[in-house]
>>> print(open('run-v5.txt').read())   # compact mmCIF, C-alpha atoms
# COMPACT_ATOMS: atom_id res chain seq x y z
CA MET A 1 0.00 0.00 0.00
CA ALA A 2 1.36 3.45 -0.91
CA LYS A 3 2.23 5.74 1.98
CA TYR A 4 -0.49 8.29 2.73
CA GLN A 5 0.75 11.82 2.04
CA PRO A 6 -1.75 14.28 3.59
CA SER A 7 0.09 17.23 2.03
CA LEU A 8 -0.84 15.82 -1.40
CA ASP A 9 -4.54 16.15 -0.43
CA ARG A 10 -4.02 19.86 0.20
CA THR A 11 -1.86 20.45 -2.89
CA PHE A 12 -4.23 18.74 -5.34
CA ALA A 13 -7.29 20.33 -3.66
CA ALA A 14 -5.65 23.76 -4.04
CA LEU A 15 -4.86 23.13 -7.71
CA MET A 16 -8.34 21.89 -8.69
CA ASP A 17 -9.74 25.42 -8.92
CA PRO A 18 -9.09 27.53 -12.05
CA THR A 19 -9.02 30.83 -10.13
CA ARG A 20 -6.36 29.44 -7.81
CA ARG A 21 -4.34 28.12 -10.76
CA ALA A 22 -4.63 31.54 -12.44
CA ILE A 23 -3.38 33.23 -9.25
CA LEU A 24 -0.36 30.90 -9.15
CA ALA A 25 0.34 31.49 -12.85
CA ARG A 26 0.22 35.24 -12.31
CA LEU A 27 2.56 35.06 -9.30
CA ALA A 28 4.97 32.96 -11.38
CA ASN A 29 4.97 35.70 -14.04
CA GLU A 30 5.17 38.68 -11.74
CA GLY A 31 7.08 37.32 -8.72
CA SER A 32 4.73 38.95 -6.22
CA ALA A 33 1.51 40.94 -6.13
CA SER A 34 -0.78 42.69 -3.67
CA ILE A 35 -4.10 41.03 -2.87
CA SER A 36 -6.07 43.82 -4.55
CA ALA A 37 -3.95 43.54 -7.71
CA LEU A 38 -4.48 39.76 -7.70
CA ALA A 39 -8.24 40.18 -7.32
CA GLU A 40 -8.54 42.69 -10.17
CA PRO A 41 -8.85 40.38 -13.22
CA PHE A 42 -11.49 38.13 -11.59
CA ALA A 43 -15.24 38.67 -11.68
CA ILE A 44 -15.44 37.66 -8.02
CA LYS A 45 -15.43 39.79 -4.88
CA LEU A 46 -12.39 40.36 -2.68
CA PRO A 47 -13.59 38.02 0.14
CA ALA A 48 -13.84 35.19 -2.42
CA VAL A 49 -10.28 35.92 -3.54
CA MET A 50 -9.17 35.94 0.11
CA LYS A 51 -10.70 32.49 0.56
CA HIS A 52 -8.79 31.18 -2.45
CA LEU A 53 -5.60 32.68 -0.99
CA ASP A 54 -6.34 30.91 2.31
CA VAL A 55 -6.56 27.56 0.50
CA LEU A 56 -3.32 28.30 -1.37
CA GLY A 57 -1.67 29.43 1.88
CA GLU A 58 -2.76 26.31 3.80
CA ALA A 59 -1.31 24.18 1.01
CA GLY A 60 1.96 26.12 1.36
CA LEU A 61 1.75 27.32 -2.26
CA ILE A 62 1.90 31.03 -1.42
CA THR A 63 3.28 33.22 1.35
CA ARG A 64 1.67 36.46 2.50
CA VAL A 65 3.64 39.31 4.05
CA LYS A 66 2.03 42.44 5.42
CA HIS A 67 3.73 45.81 4.79
CA GLY A 68 1.62 48.49 6.45
CA ARG A 69 -1.79 48.18 4.81
CA THR A 70 -0.67 46.11 1.86
CA VAL A 71 -0.37 42.33 1.87
CA THR A 72 2.19 41.06 -0.62
CA VAL A 73 1.59 37.57 -1.96
CA ARG A 74 4.45 35.45 -3.24
CA LEU A 75 4.60 32.10 -5.01
CA SER A 76 5.94 29.21 -2.91
CA PRO A 77 5.61 26.27 -5.27
CA ASP A 78 7.71 23.69 -3.37
CA PRO A 79 4.69 21.49 -2.46
CA MET A 80 4.14 21.00 -6.20
CA ARG A 81 7.32 18.92 -6.31
CA GLU A 82 5.71 16.16 -4.25
CA ALA A 83 2.68 16.26 -6.58
CA LEU A 84 4.95 16.06 -9.62
CA GLU A 85 6.82 13.09 -8.15
CA TRP A 86 3.56 11.33 -7.44
CA LEU A 87 2.40 11.88 -11.05
CA HIS A 88 5.77 10.75 -12.47
CA ARG A 89 5.12 7.23 -11.15
CA TYR A 90 2.32 6.89 -13.70
CA GLU A 91 4.35 8.01 -16.69
CA PRO A 92 5.19 4.41 -17.77
CA PHE A 93 1.46 3.75 -18.14
CA TRP A 94 0.68 6.66 -20.46
CA SER A 95 -0.15 6.21 -24.09
CA PRO A 96 2.60 7.34 -26.40
CA ARG A 97 2.19 11.01 -27.22
CA LEU A 98 0.31 11.67 -30.42
CA ASP A 99 2.80 14.36 -31.42
CA ARG A 100 5.64 11.88 -30.97
CA LEU A 101 3.78 9.42 -33.19
CA ALA A 102 3.18 12.19 -35.74
CA ALA A 103 6.91 13.04 -35.76
CA TYR A 104 7.71 9.35 -36.27
CA ALA A 105 5.22 9.13 -39.15
CA GLU A 106 6.80 12.24 -40.72
CA ARG A 107 10.27 10.71 -40.49
CA LEU A 108 8.98 7.52 -42.13
CA GLU A 109 7.38 9.57 -44.90
CA ALA A 110 10.56 11.60 -45.42
CA LYS A 111 12.54 8.34 -45.60
CA ALA A 112 10.07 6.86 -48.11
CA GLY A 113 10.26 10.09 -50.12
CA LYS A 114 14.06 9.91 -50.25
CA GLY A 115 13.97 6.23 -51.22
CA GLY A 116 11.63 7.01 -54.11
CA ALA A 117 13.65 10.02 -55.41
CA MET B 1 -3.74 34.99 -18.75
CA ALA B 2 -3.24 31.23 -18.86
CA LYS B 3 -5.76 29.24 -20.90
CA TYR B 4 -8.49 27.67 -18.78
CA GLN B 5 -8.24 23.88 -18.86
CA PRO B 6 -11.46 22.42 -17.38
CA SER B 7 -10.02 18.89 -17.55
CA LEU B 8 -7.35 19.99 -15.04
CA ASP B 9 -10.15 20.81 -12.55
CA ARG B 10 -11.39 17.24 -12.81
CA THR B 11 -7.93 15.65 -12.70
CA PHE B 12 -6.72 17.57 -9.63
CA ALA B 13 -10.10 17.11 -7.90
CA ALA B 14 -9.86 13.36 -8.52
CA LEU B 15 -6.30 13.22 -7.15
CA MET B 16 -6.98 15.19 -3.96
CA ASP B 17 -8.49 12.17 -2.19
CA PRO B 18 -6.18 9.54 -0.62
CA THR B 19 -8.59 6.65 -1.31
CA ARG B 20 -8.71 7.59 -4.98
CA ARG B 21 -4.90 7.89 -5.13
CA ALA B 22 -4.61 4.48 -3.44
CA ILE B 23 -6.99 2.97 -6.03
CA LEU B 24 -4.87 4.40 -8.86
CA ALA B 25 -1.66 3.12 -7.23
CA ARG B 26 -3.17 -0.34 -6.90
CA LEU B 27 -4.34 -0.37 -10.53
CA ALA B 28 -0.84 0.70 -11.61
CA ASN B 29 0.60 -2.28 -9.71
CA GLU B 30 -1.95 -4.87 -10.75
CA GLY B 31 -3.04 -3.68 -14.19
CA SER B 32 -6.73 -4.22 -13.49
CA ALA B 33 -9.02 -5.26 -10.65
CA SER B 34 -12.67 -5.96 -9.95
CA ILE B 35 -14.62 -3.37 -7.96
CA SER B 36 -15.05 -5.74 -4.99
CA ALA B 37 -11.31 -6.49 -4.95
CA LEU B 38 -10.56 -2.74 -5.08
CA ALA B 39 -12.95 -2.08 -2.20
CA GLU B 40 -11.49 -4.78 0.05
CA PRO B 41 -8.56 -2.94 1.71
CA PHE B 42 -10.65 0.13 2.57
CA ALA B 43 -12.68 0.65 5.73
CA ILE B 44 -15.48 2.16 3.67
CA LYS B 45 -18.59 0.58 2.17
CA LEU B 46 -18.94 -0.47 -1.45
CA PRO B 47 -21.23 2.48 -2.43
CA ALA B 48 -18.52 4.88 -1.17
CA VAL B 49 -15.93 3.07 -3.31
CA MET B 50 -18.32 3.28 -6.28
CA LYS B 51 -18.56 7.06 -5.79
CA HIS B 52 -14.77 7.33 -5.81
CA LEU B 53 -14.69 5.26 -8.99
CA ASP B 54 -17.28 7.61 -10.54
CA VAL B 55 -15.02 10.61 -9.81
CA LEU B 56 -12.02 8.77 -11.27
CA GLY B 57 -14.09 7.72 -14.28
CA GLU B 58 -15.38 11.25 -14.94
CA ALA B 59 -11.79 12.50 -14.84
CA GLY B 60 -10.89 9.83 -17.40
CA LEU B 61 -8.39 8.22 -15.01
CA ILE B 62 -9.99 4.75 -15.08
CA THR B 63 -12.09 2.70 -17.45
CA ARG B 64 -14.73 0.20 -16.34
CA VAL B 65 -15.70 -2.82 -18.41
CA LYS B 66 -18.51 -5.18 -17.45
CA HIS B 67 -18.00 -8.92 -17.98
CA GLY B 68 -21.16 -10.70 -16.83
CA ARG B 69 -21.55 -9.70 -13.19
CA THR B 70 -18.01 -8.46 -12.70
CA VAL B 71 -16.86 -4.94 -13.49
CA THR B 72 -13.17 -4.76 -14.32
CA VAL B 73 -11.46 -1.47 -13.57
CA ARG B 74 -8.36 -0.40 -15.46
CA LEU B 75 -5.95 2.50 -15.06
CA SER B 76 -6.18 5.19 -17.75
CA PRO B 77 -3.65 7.76 -16.56
CA ASP B 78 -3.41 9.92 -19.70
CA PRO B 79 -5.13 12.96 -18.09
CA MET B 80 -2.27 13.05 -15.60
CA ARG B 81 0.04 14.15 -18.39
CA GLU B 82 -1.72 17.51 -18.66
CA ALA B 83 -1.44 17.89 -14.88
CA LEU B 84 2.25 17.04 -15.00
CA GLU B 85 2.84 19.56 -17.77
CA TRP B 86 1.03 22.23 -15.79
CA LEU B 87 3.20 21.50 -12.73
CA HIS B 88 6.41 21.48 -14.79
CA ARG B 89 5.96 25.17 -15.54
CA TYR B 90 6.64 25.90 -11.87
CA GLU B 91 9.82 23.86 -11.64
CA PRO B 92 12.11 26.88 -12.21
CA PHE B 93 10.63 28.46 -9.08
CA TRP B 94 11.33 25.57 -6.73
CA SER B 95 13.96 25.69 -4.03
CA PRO B 96 16.99 23.53 -4.78
CA ARG B 97 16.45 19.99 -3.56
CA LEU B 98 17.86 19.26 -0.14
CA ASP B 99 19.22 15.91 -1.36
CA ARG B 100 21.06 17.69 -4.19
CA LEU B 101 22.54 20.07 -1.62
CA ALA B 102 23.49 17.09 0.57
CA ALA B 103 25.23 15.39 -2.37
CA TYR B 104 27.12 18.61 -3.08
CA ALA B 105 28.17 18.88 0.59
CA GLU B 106 29.37 15.25 0.47
CA ARG B 107 31.48 15.93 -2.62
CA LEU B 108 33.02 18.96 -0.90
CA GLU B 109 33.79 16.87 2.17
CA ALA B 110 35.32 14.09 0.08
CA LYS B 111 37.47 16.67 -1.71
CA ALA B 112 38.56 18.22 1.59
CA GLY B 113 39.33 14.68 2.89
CA LYS B 114 41.52 13.92 -0.13
CA GLY B 115 43.34 17.24 0.18
CA GLY B 116 44.14 16.50 3.82
CA ALA B 117 45.40 12.92 3.23
>>> encode(input="run-v5.txt", output="structure tokens")
Amino acid sequence: MAKYQPSLDRTFAALMDPTRRAILARLANEGSASISALAEPFAIKLPAVMKHLDVLGEAGLITRVKHGRTVTVRLSPDPMREALEWLHRYEPFWSPRLDRLAAYAERLEAKAGKGGA
Amino acid sequence: MAKYQPSLDRTFAALMDPTRRAILARLANEGSASISALAEPFAIKLPAVMKHLDVLGEAGLITRVKHGRTVTVRLSPDPMREALEWLHRYEPFWSPRLDRLAAYAERLEAKAGKGGA
């Protein structure tokens, strides 16, 4: 039986929501952002954004630092490593990538083309 | 703004539960299993296991085939690839691995040891 990793529950639960994934993507692009700046692109209210940040914070995926009245949010993606390692175990069971198959078919075609020339 | 991938919602939501991860791990080890065999190691009732299998099925992570009275469950981990690719984008932001640092420290020590001999 595989070892139970409770942190994986929190990481995957945090990543299942598109708003939370968008927040992480934005923090990866910009390094850090204030909560109000993070909330801006979403059609949801600030308290809803705060709840998403709580979930991300509990999963250890962000850190929040208060400077005066502004809270600066930073990406802290280390818990994703455990998730990635968990997913990697299933890689041998994946179907071959279609694009890899397409590349192989192209090489075969190119070879056949050369042979015929 | 990153493209919204609704299938990622389903994949991460499916993976957030330890029973569902354990089912996937078991299917990876054994190739396939009947629903009653899958349910056996868990302290939950069959209907609860069926619900977990529904979540895994909706995420495309398992397939179920009925042979007479037995339903055979198989691993279908392809949706994990998208999840893995999403996570890979954050790899540049991770802290260096502690084991890599430990290996580096060991090399330094070995070097220092040789120098002293």
>>> interface_residues(input="run-v5.txt", of="chain A", to="chain B", cutoff="9 Å", atoms="only C-alpha atoms", output="PyMOL selection string")
chain A and resi 1-6+8-18+21-22+25-26+28+75-81+83-84+87-91+93-95
>>> atom_distance(input="run-v5.txt", atom1="atom CA of Arg64 of chain B", atom2="atom CA of Leu38 of chain B")
12.4 Å
>>> atom_distance(input="run-v5.txt", atom1="atom CA of Ile62 of chain B", atom2="atom CA of Arg74 of chain B")
5.4 Å
>>> atom_distance(input="run-v5.txt", atom1="atom CA of Leu53 of chain A", atom2="atom CA of Ile35 of chain A")
8.7 Å
>>> residues_around(input="run-v5.txt", residues="Thr72 of chain A", least_positions_apart="4", cutoff="7 Å", atoms="all atoms listed in the file", output="PDB file with C-alpha atoms, in the coordinates of the input")
ATOM      1  CA  SER A  32       4.730  38.950  -6.220  1.00  0.00           C
ATOM      2  CA  ALA A  33       1.510  40.940  -6.130  1.00  0.00           C
ATOM      3  CA  SER A  34      -0.780  42.690  -3.670  1.00  0.00           C
ATOM      4  CA  ILE A  35      -4.100  41.030  -2.870  1.00  0.00           C
ATOM      5  CA  ARG A  64       1.670  36.460   2.500  1.00  0.00           C
ATOM      6  CA  VAL A  65       3.640  39.310   4.050  1.00  0.00           C
ATOM      7  CA  LYS A  66       2.030  42.440   5.420  1.00  0.00           C
TER       8      LYS A  66
END
